[in-house]
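Structure below is upload09.txt: compact mmCIF, C-alpha atoms.
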```txt
# COMPACT_ATOMS: atom_id res chain seq x y z
CA MET A 1 205.07 84.65 80.59
CA SER A 2 204.54 83.87 76.92
CA PRO A 3 205.28 86.29 74.08
CA PRO A 4 202.33 88.14 72.51
CA PRO A 5 200.45 86.07 69.93
CA ALA A 6 201.10 86.73 66.27
CA THR A 7 198.32 88.50 64.40
CA GLY A 8 199.51 88.09 60.82
CA LYS A 9 197.89 85.61 58.41
CA ASP A 10 199.29 83.72 55.50
CA GLY A 11 197.38 83.47 52.24
CA ASP A 12 197.76 82.98 48.53
CA VAL A 13 197.77 86.05 46.32
CA SER A 14 197.08 86.42 42.65
CA PRO A 15 199.89 87.35 40.22
CA ALA A 16 198.50 90.88 40.02
CA GLU A 17 198.42 91.16 43.83
CA ALA A 18 201.97 89.81 43.99
CA ARG A 19 203.17 92.47 41.57
CA LEU A 20 201.38 95.14 43.55
CA ALA A 21 202.99 93.90 46.78
CA MET A 22 206.42 94.01 45.16
CA MET A 23 205.80 97.58 43.96
CA GLU A 24 205.03 98.52 47.56
CA LEU A 25 208.23 96.84 48.79
CA ALA A 26 210.33 98.47 46.07
CA ASN A 27 209.08 101.92 47.08
CA MET A 28 209.09 101.28 50.84
CA MET A 29 211.91 103.78 51.38
CA SER A 30 209.35 106.51 50.71
CA VAL A 31 207.75 105.86 54.10
CA PRO A 32 210.66 106.46 56.53
CA MET A 33 212.03 109.27 54.39
CA ALA A 34 208.63 111.01 54.29
CA LEU A 35 208.39 110.52 58.05
CA THR A 36 211.86 112.02 58.51
CA ALA A 37 210.92 114.96 56.29
CA VAL A 38 207.77 115.90 58.21
CA ILE A 39 209.64 115.66 61.52
CA ARG A 40 212.37 117.96 60.21
CA LEU A 41 209.65 120.35 59.06
CA GLY A 42 208.14 120.38 62.56
CA VAL A 43 204.76 119.04 61.42
CA PRO A 44 203.97 116.71 64.36
CA ALA A 45 204.62 119.44 66.92
CA ALA A 46 202.59 121.97 64.92
CA VAL A 47 199.61 119.63 64.64
CA TRP A 48 199.79 118.52 68.27
CA ALA A 49 200.03 122.13 69.53
CA GLY A 50 200.10 121.24 73.20
CA GLY A 51 197.38 118.62 72.89
CA ALA A 52 194.93 120.39 70.59
CA ASN A 53 195.64 117.99 67.70
CA ALA A 54 193.26 119.96 65.52
CA PRO A 55 193.26 118.83 61.87
CA LEU A 56 195.33 121.20 59.75
CA SER A 57 195.87 121.52 56.02
CA ALA A 58 199.28 121.48 54.39
CA ALA A 59 198.93 125.20 53.67
CA GLU A 60 198.22 125.91 57.33
CA LEU A 61 201.35 123.97 58.30
CA LEU A 62 203.59 125.98 55.98
CA PRO A 63 204.60 129.64 55.97
CA ALA A 64 202.08 131.99 54.41
CA GLY A 65 202.57 132.33 50.68
CA HIS A 66 204.25 128.95 50.20
CA PRO A 67 204.30 128.32 46.43
CA ASP A 68 203.01 124.72 46.49
CA PRO A 69 201.53 123.19 49.70
CA SER A 70 200.53 120.10 47.70
CA VAL A 71 204.12 118.82 48.05
CA LEU A 72 203.66 118.52 51.82
CA GLU A 73 200.11 117.21 51.37
CA ARG A 74 201.47 114.29 49.34
CA LEU A 75 203.80 113.35 52.21
CA LEU A 76 200.95 113.59 54.69
CA ARG A 77 198.67 111.39 52.57
CA LEU A 78 201.33 108.69 52.39
CA LEU A 79 201.83 108.80 56.15
CA ALA A 80 198.07 108.78 56.72
CA SER A 81 197.94 105.54 54.76
CA ARG A 82 200.45 104.13 57.29
CA GLY A 83 198.49 105.27 60.34
CA VAL A 84 200.75 108.17 61.35
CA PHE A 85 198.15 110.83 60.58
CA SER A 86 194.38 110.71 60.30
CA GLU A 87 193.01 112.41 57.21
CA HIS A 88 189.95 114.63 57.37
CA ALA A 89 188.84 115.15 53.78
CA ALA A 90 185.34 116.50 54.29
CA GLY A 91 185.46 119.51 52.02
CA SER A 92 188.64 120.99 50.67
CA PRO A 93 191.51 121.14 51.43
CA ARG A 94 192.44 117.87 53.13
CA ARG A 95 193.33 118.26 56.79
CA PHE A 96 195.47 116.03 58.96
CA ALA A 97 195.73 115.25 62.68
CA LEU A 98 198.06 112.89 64.53
CA ALA A 99 196.73 109.33 64.78
CA ALA A 100 197.80 106.96 67.59
CA VAL A 101 201.04 106.03 65.82
CA GLY A 102 201.81 109.67 65.12
CA ARG A 103 201.33 110.62 68.76
CA THR A 104 204.50 108.65 69.58
CA LEU A 105 206.28 111.60 67.94
CA VAL A 106 205.07 113.94 70.71
CA PRO A 107 207.83 114.70 73.26
CA GLY A 108 207.71 112.97 76.64
CA PRO A 109 208.92 114.21 80.05
CA SER A 110 212.54 114.65 78.93
CA GLY A 111 211.58 116.37 75.69
CA ALA A 112 212.44 113.22 73.71
CA SER A 113 210.12 111.06 71.63
CA HIS A 114 210.17 108.47 68.88
CA ALA A 115 210.73 111.41 66.51
CA ASP A 116 214.32 111.48 67.74
CA TYR A 117 214.61 107.77 67.03
CA VAL A 118 213.43 108.34 63.45
CA LEU A 119 215.91 111.18 62.95
CA GLN A 120 218.77 109.15 64.41
CA HIS A 121 218.09 106.25 62.05
CA HIS A 122 218.09 108.51 59.00
CA GLN A 123 221.20 110.61 59.48
CA ASP A 124 223.29 110.80 56.32
CA ALA A 125 226.05 108.57 57.70
CA LEU A 126 223.60 105.79 58.57
CA VAL A 127 221.65 106.02 55.32
CA ALA A 128 224.90 105.67 53.37
CA ALA A 129 225.47 102.23 54.88
CA TRP A 130 222.35 100.57 53.46
CA PRO A 131 223.49 100.18 49.81
CA ARG A 132 226.32 97.99 51.17
CA LEU A 133 224.07 95.57 53.07
CA HIS A 134 224.77 92.73 50.61
CA GLU A 135 228.45 92.94 51.59
CA ALA A 136 227.51 91.72 55.08
CA VAL A 137 226.32 88.49 53.45
CA LEU A 138 229.41 88.12 51.28
CA ASP A 139 231.81 88.83 54.15
CA PRO A 140 230.02 88.29 57.50
CA ALA A 141 233.29 88.35 59.45
CA GLY A 142 234.37 91.63 57.92
CA PRO A 143 233.38 95.19 58.82
CA GLU A 144 229.67 95.88 59.03
CA PRO A 145 228.15 98.00 56.22
CA PHE A 146 228.29 101.18 58.33
CA ALA A 147 232.04 100.81 58.90
CA ARG A 148 232.56 100.06 55.20
CA ALA A 149 230.71 103.26 54.29
CA THR A 150 232.69 105.40 56.76
CA GLY A 151 236.14 104.21 55.78
CA GLY A 152 236.49 101.72 58.63
CA VAL A 153 234.96 103.71 61.50
CA PRO A 154 232.43 101.57 63.45
CA ALA A 155 229.24 103.12 64.81
CA TYR A 156 230.28 103.49 68.45
CA ALA A 157 233.57 105.14 67.46
CA TYR A 158 231.66 107.42 65.08
CA TYR A 159 229.36 108.57 67.88
CA ALA A 160 232.33 109.06 70.21
CA SER A 161 234.01 111.38 67.71
CA ASN A 162 230.94 113.27 66.46
CA ARG A 163 229.26 115.27 69.20
CA GLU A 164 226.20 116.23 67.14
CA ALA A 165 225.54 112.63 66.03
CA ASN A 166 226.07 111.40 69.59
CA GLU A 167 223.55 113.89 70.96
CA VAL A 168 221.00 112.73 68.38
CA MET A 169 221.66 109.12 69.36
CA LEU A 170 221.31 109.81 73.10
CA GLN A 171 218.07 111.72 72.53
CA ALA A 172 216.78 108.84 70.39
CA MET A 173 217.57 106.33 73.15
CA ALA A 174 215.76 108.54 75.66
CA GLY A 175 212.74 108.72 73.37
CA VAL A 176 212.30 104.97 73.19
CA SER A 177 213.48 104.27 76.75
CA GLU A 178 211.00 106.43 78.64
CA PRO A 179 207.79 104.61 77.64
CA PHE A 180 209.45 101.21 78.01
CA MET A 181 210.84 102.06 81.45
CA GLU A 182 207.38 103.19 82.56
CA ALA A 183 205.97 99.84 81.41
CA LEU A 184 208.81 98.03 83.19
CA LEU A 185 208.28 99.87 86.45
CA ASP A 186 204.51 99.41 86.30
CA GLY A 187 204.72 95.67 85.60
CA TYR A 188 207.98 94.57 87.17
CA ALA A 189 208.58 96.73 90.23
CA GLY A 190 208.44 93.62 92.45
CA GLY A 191 211.33 92.22 90.47
CA PHE A 192 213.62 94.59 92.37
CA ASP A 193 212.60 93.25 95.80
CA GLY A 194 215.62 92.60 97.99
CA VAL A 195 217.92 94.73 95.81
CA GLY A 196 219.85 97.27 97.85
CA LYS A 197 222.59 97.91 95.31
CA LEU A 198 221.79 97.93 91.60
CA ILE A 199 224.39 98.03 88.82
CA ASP A 200 223.36 99.43 85.42
CA VAL A 201 225.77 98.01 82.82
CA GLY A 202 225.99 100.24 79.76
CA GLY A 203 223.87 102.84 81.53
CA SER A 204 225.16 105.85 79.57
CA SER A 205 223.85 108.97 81.36
CA GLY A 206 222.27 106.97 84.19
CA ALA A 207 218.74 108.08 83.23
CA CYS A 208 217.24 104.57 83.42
CA LEU A 209 218.87 103.93 86.79
CA GLN A 210 217.48 107.22 88.03
CA MET A 211 213.95 106.23 86.92
CA ILE A 212 214.25 102.90 88.71
CA MET A 213 215.52 104.40 91.96
CA ARG A 214 212.83 107.08 92.00
CA ARG A 215 210.18 104.35 91.86
CA VAL A 216 211.87 101.60 93.91
CA ARG A 217 212.83 103.29 97.15
CA THR A 218 214.38 100.16 98.66
CA ILE A 219 217.35 100.51 96.29
CA LYS A 220 219.79 102.59 98.30
CA GLU A 221 222.76 102.60 95.95
CA GLY A 222 222.94 102.76 92.18
CA LEU A 223 226.07 102.34 90.14
CA ASN A 224 226.08 103.49 86.53
CA PHE A 225 228.78 101.49 84.72
CA ASP A 226 229.90 102.40 81.23
CA LEU A 227 233.03 103.33 79.30
CA PRO A 228 235.13 106.00 81.03
CA ASP A 229 234.49 108.68 78.40
CA VAL A 230 230.74 107.99 78.57
CA VAL A 231 230.38 108.28 82.34
CA ALA A 232 232.66 111.33 82.34
CA ALA A 233 229.85 113.18 80.55
CA ALA A 234 227.06 111.79 82.77
CA PRO A 235 225.25 114.31 85.00
CA PRO A 236 225.25 114.07 88.81
CA ILE A 237 222.34 111.96 90.10
CA THR A 238 221.43 111.63 93.76
CA GLY A 239 222.22 108.13 95.00
CA VAL A 240 224.03 107.16 91.81
CA ARG A 241 227.76 106.70 91.38
CA HIS A 242 229.18 106.80 87.83
CA VAL A 243 231.99 104.30 87.31
CA GLY A 244 234.02 103.84 84.14
CA GLY A 245 235.34 100.48 83.03
CA ASP A 246 235.16 97.67 80.49
CA MET A 247 232.39 95.08 80.82
CA PHE A 248 234.54 92.56 78.96
CA LYS A 249 237.13 92.71 81.75
CA SER A 250 235.02 92.93 84.90
CA ILE A 251 231.75 94.33 86.24
CA PRO A 252 231.27 95.91 89.70
CA SER A 253 229.48 93.76 92.26
CA GLY A 254 225.91 94.36 93.34
CA ASP A 255 222.72 92.61 94.41
CA ALA A 256 221.37 92.76 90.86
CA ILE A 257 222.57 93.91 87.45
CA PHE A 258 220.37 95.82 85.02
CA MET A 259 221.15 96.27 81.33
CA LYS A 260 219.09 97.49 78.40
CA TRP A 261 219.89 97.09 74.70
CA VAL A 262 223.39 95.81 75.44
CA LEU A 263 223.53 92.19 74.27
CA ILE A 264 221.94 92.88 70.89
CA THR A 265 225.05 94.45 69.34
CA TRP A 266 227.47 91.68 70.33
CA THR A 267 228.27 88.18 69.04
CA ASN A 268 227.27 85.07 70.96
CA ASP A 269 230.79 84.64 72.35
CA GLU A 270 230.91 88.28 73.42
CA CYS A 271 227.49 88.03 75.07
CA THR A 272 228.64 84.96 76.97
CA ALA A 273 231.72 86.86 78.16
CA ILE A 274 229.56 89.77 79.37
CA LEU A 275 227.16 87.44 81.18
CA LYS A 276 230.04 85.50 82.79
CA ASN A 277 231.35 88.76 84.22
CA CYS A 278 227.85 89.51 85.47
CA TYR A 279 227.71 86.06 87.08
CA ASN A 280 231.01 86.69 88.87
CA ALA A 281 229.77 90.06 90.14
CA LEU A 282 226.60 88.67 91.74
CA PRO A 283 225.98 86.92 95.07
CA ASP A 284 224.23 83.54 95.16
CA GLY A 285 220.61 84.20 94.29
CA GLY A 286 221.49 87.46 92.52
CA LYS A 287 220.17 88.14 89.06
CA VAL A 288 220.72 89.95 85.80
CA ILE A 289 217.74 91.91 84.48
CA ALA A 290 218.38 92.31 80.75
CA CYS A 291 215.94 94.24 78.56
CA GLU A 292 216.30 93.21 74.93
CA PRO A 293 214.20 92.78 71.79
CA VAL A 294 213.24 89.09 71.47
CA VAL A 295 212.28 87.73 68.07
CA PRO A 296 209.64 84.98 67.87
CA GLU A 297 210.63 81.51 66.64
CA LYS A 298 207.94 81.54 63.96
CA THR A 299 208.08 84.04 61.13
CA ASP A 300 204.77 85.75 60.41
CA ASN A 301 203.61 89.08 59.02
CA SER A 302 202.42 90.67 62.27
CA VAL A 303 203.54 94.21 63.06
CA ARG A 304 205.49 92.93 66.05
CA THR A 305 207.45 90.34 64.09
CA ARG A 306 208.16 92.76 61.27
CA ALA A 307 209.38 95.44 63.68
CA LEU A 308 211.72 92.99 65.39
CA LEU A 309 213.10 91.53 62.17
CA GLU A 310 213.57 94.99 60.69
CA HIS A 311 215.46 95.99 63.81
CA ASP A 312 217.65 92.91 63.46
CA ILE A 313 218.71 94.05 59.99
CA PHE A 314 219.33 97.56 61.33
CA VAL A 315 221.75 96.09 63.88
CA MET A 316 223.40 94.01 61.15
CA THR A 317 223.88 97.08 58.97
CA ILE A 318 224.88 99.73 61.49
CA TYR A 319 226.39 98.05 64.54
CA ARG A 320 227.58 94.49 64.03
CA THR A 321 226.95 91.99 61.26
CA GLN A 322 226.98 89.19 63.85
CA GLY A 323 225.16 91.10 66.52
CA ARG A 324 221.51 90.13 66.35
CA VAL A 325 217.98 90.13 67.74
CA ARG A 326 217.76 86.71 69.40
CA SER A 327 214.95 84.34 70.26
CA GLN A 328 213.97 83.49 73.82
CA GLU A 329 215.70 80.12 73.54
CA GLU A 330 218.88 81.70 72.19
CA PHE A 331 218.96 84.04 75.17
CA ARG A 332 218.39 81.11 77.54
CA GLN A 333 221.34 79.26 76.03
CA LEU A 334 223.58 82.31 76.48
CA GLY A 335 222.73 82.32 80.18
CA LEU A 336 223.45 78.60 80.57
CA ALA A 337 226.82 79.06 78.88
CA ALA A 338 227.66 81.80 81.41
CA GLY A 339 226.70 79.64 84.41
CA PHE A 340 223.19 80.90 85.20
CA THR A 341 220.74 78.16 86.16
CA GLY A 342 217.54 80.22 86.33
CA PHE A 343 215.96 82.00 83.37
CA ARG A 344 212.62 83.52 82.51
CA ALA A 345 211.35 85.99 79.93
CA ILE A 346 208.66 88.52 80.81
CA TYR A 347 206.82 90.35 78.04
CA LEU A 348 205.70 93.72 79.38
CA ASP A 349 206.18 95.57 76.09
CA PRO A 350 205.58 94.43 72.49
CA PHE A 351 209.16 95.27 71.48
CA TYR A 352 211.40 94.74 74.52
CA ALA A 353 211.29 91.71 76.80
CA VAL A 354 212.63 91.51 80.34
CA LEU A 355 215.08 88.60 80.63
CA GLU A 356 215.95 87.37 84.10
CA TYR A 357 219.12 85.35 84.64
CA ARG A 358 219.29 83.94 88.17
CA LYS A 359 222.53 82.76 89.81
```

Same coordinates, now as structure tokens:
Amino acid sequence: MSPPPATGKDGDVSPAEARLAMMELANMMSVPMALTAVIRLGVPAAVWAGGANAPLSAAELLPAGHPDPSVLERLLRLLASRGVFSEHAAGSPRRFALAAVGRTLVPGPSGASHADYVLQHHQDALVAAWPRLHEAVLDPAGPEPFARATGGVPAYAYYASNREANEVMLQAMAGVSEPFMEALLDGYAGGFDGVGKLIDVGGSSGACLQMIMRRVRTIKEGLNFDLPDVVAAAPPITGVRHVGGDMFKSIPSGDAIFMKWVLITWTNDECTAILKNCYNALPDGGKVIACEPVVPEKTDNSVRTRALLEHDIFVMTIYRTQGRVRSQEEFRQLGLAAGFTGFRAIYLDPFYAVLEYRK
């Protein structure tokens, strides 16, 4: 299956338009920080109000007697210009409801949403890494900007030692995982045919494995494989066994191996090592089902390409300078290097692709 077509268009701009575009880029930080602010203020939940989504003014969203509701209104206008809110300006004051983009901030079945993802990305410790991004270029083999900003503590170690930050991260992962997993199970359920035992590598709490097994009843045994301290905190799940270990040393055997957002934070050599261990854990005909962002070969200005390239720089800054969002061909080459002869990419979601490696 081919990736979604690009929708962006190239075109010449006048000098004045170029200056205007640069002003927008220079002030782009206003957008995610305004988004973070309204989430912290509880605005999306207040507007949504259980599905009512009735347009509300800034004054109606703030406590009675607030000295200056126009401060919030300015944030809402900016976010309306980015499609997060719809603005209803007939009469005065302006009122705002959640637009389609903003409705991704509404909690899903677990209580998580993309709001948690926004908050996770804009914690103080993560924001402090961005001014050091240029150092990743000057010293690509050295610590990533996040580790430089935290005195040498990499992101995964930071989460392991900071319970509050780790809870925010886990909630953020749940918020983005749930809609993707629904898309996966709607469009790929047949991909689990013949799988009696499924291994989830890097499965954290086991939530994704649980979703799969609820939908695919032919899977009789699930094994959630992650670091020992991670699985020690995982909740009991019927039919799922939590096993601690190190994917760089060995991976438990099964009919198929599932992983999501694992390869992106590792170097090419590390990814090859992980996939070789997967290969050794599978029977002939077994497969790895890896869910990863896949960047297009051609650079364009579509929303999809921008989102993927922006995510690539997030990985570079926070997790690993030489971790990366890869292209479909780069992923295929990783599989070949690990011994897999079959490969296909399935695009069920505009951000994540399903990558099949067949032994």

Which residue out of A:Leu308, A:Val231, A:Val106, A:Leu334 has the minimum interatomic distance to Cys271 of chain A when all atoms listed in the file are used?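 Nearest to Cys271 of chain A: A:Leu334.
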
Using all atoms listed in the file, determine which residues lie at most 9 Å from Ala290 of chain A, disregarding the query and same-chain residues fewer than 4 positions distant; provide the list as a PDB file with C-alpha atoms, in the coordinates of the input.
```
ATOM      1  CA  ILE A 257     222.570  93.910  87.450  1.00  0.00           C
ATOM      2  CA  PHE A 258     220.370  95.820  85.020  1.00  0.00           C
ATOM      3  CA  MET A 259     221.150  96.270  81.330  1.00  0.00           C
ATOM      4  CA  LYS A 260     219.090  97.490  78.400  1.00  0.00           C
ATOM      5  CA  TRP A 261     219.890  97.090  74.700  1.00  0.00           C
ATOM      6  CA  VAL A 262     223.390  95.810  75.440  1.00  0.00           C
ATOM      7  CA  LEU A 263     223.530  92.190  74.270  1.00  0.00           C
ATOM      8  CA  ALA A 353     211.290  91.710  76.800  1.00  0.00           C
ATOM      9  CA  VAL A 354     212.630  91.510  80.340  1.00  0.00           C
ATOM     10  CA  LEU A 355     215.080  88.600  80.630  1.00  0.00           C
ATOM     11  CA  GLU A 356     215.950  87.370  84.100  1.00  0.00           C
ATOM     12  CA  TYR A 357     219.120  85.350  84.640  1.00  0.00           C
TER      13      TYR A 357
END
```

Is there a way to get, as a PyMOL selection string, all residues within 12 Å of the point (215.8, 91.5, 59.8) in file coordinates, counting all atoms listed in the file? chain A and resi 133+295+299+305-317+321+323-326

Enclosing box along x, y and z for every listed atom of segment 74-79 of chain A, padded 4 Å each side, centre and size in Å, one decimal, as lines of an AutoDock Vina configuration file:
```
center_x = 201.2
center_y = 111.5
center_z = 52.7
size_x = 13.1
size_y = 13.6
size_z = 14.8
```

Quick one: residues within 12 Å of Ala338 of chain A, all atoms listed in the file counted, chain neighbours fewer than 5 positions away excluded, as a PyMOL selection string? chain A and resi 268-280+288+331-333+343+357-359

Neighbourhood query: residues within 9 Å of (207.7, 106.1, 89.5), file coordinates, counting only C-alpha atoms; return as a PDB file with C-alpha atoms, keeping the file's coordinate frame.
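The result, stored in out.pdb:
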```pdb
ATOM      1  CA  GLU A 182     207.380 103.190  82.560  1.00  0.00           C
ATOM      2  CA  LEU A 185     208.280  99.870  86.450  1.00  0.00           C
ATOM      3  CA  ASP A 186     204.510  99.410  86.300  1.00  0.00           C
ATOM      4  CA  MET A 211     213.950 106.230  86.920  1.00  0.00           C
ATOM      5  CA  ILE A 212     214.250 102.900  88.710  1.00  0.00           C
ATOM      6  CA  MET A 213     215.520 104.400  91.960  1.00  0.00           C
ATOM      7  CA  ARG A 214     212.830 107.080  92.000  1.00  0.00           C
ATOM      8  CA  ARG A 215     210.180 104.350  91.860  1.00  0.00           C
ATOM      9  CA  VAL A 216     211.870 101.600  93.910  1.00  0.00           C
TER      10      VAL A 216
END
```

To one decimal place, how far is atom CA of Leu198 of chain A from atom CA of Asp226 of chain A in Å?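 The value is 13.9 Å.
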
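Our summary of the geometry notes that atom CA of Ala125 of chain A is positioned 9.3 Å from atom CA of Tyr158 of chain A.
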
Separation of atom CA of Gly42 of chain A from atom CA of Leu126 of chain A, in Å and rounded to one decimal: 21.6 Å

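Of the listed residues (A:Glu292, A:Tyr117, A:Val195, A:Pro154), A:Tyr117 comes nearest to Met169 of chain A; the distances count all atoms listed in the file.
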
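Considering only C-alpha atoms, the residue among A:Ile251, A:Asp12, A:Ile318, A:Ala160 positioned nearest to Ala128 of chain A is A:Ile318.
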
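With all atoms listed in the file as the atoms that count, the minimum distance from Pro296 of chain A to the choices A:Thr150, A:Asn162, A:Thr238, A:Gln328 is reached by A:Gln328.
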
Identify, on the basis of only C-alpha atoms, every residue whose closest approach to Ala54 of chain A does not exceed 8 Å; exclude the query and any residue fewer than 5 positions from it along the same chain; express the result as a PyMOL selection string. chain A and resi 47-48+96-97

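Using only C-alpha atoms, the nearest neighbour of Val303 of chain A within the list A:Pro350, A:Pro145, A:Pro252, A:Pro55 is A:Pro350.
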
Shortest interatomic distance to Leu41 of chain A - which of A:Leu75, A:Glu167, A:Asn53, A:Glu24, counting all atoms listed in the file: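 Of A:Leu75, A:Glu167, A:Asn53, A:Glu24, the one nearest Leu41 of chain A, counting all atoms listed in the file, is A:Leu75.
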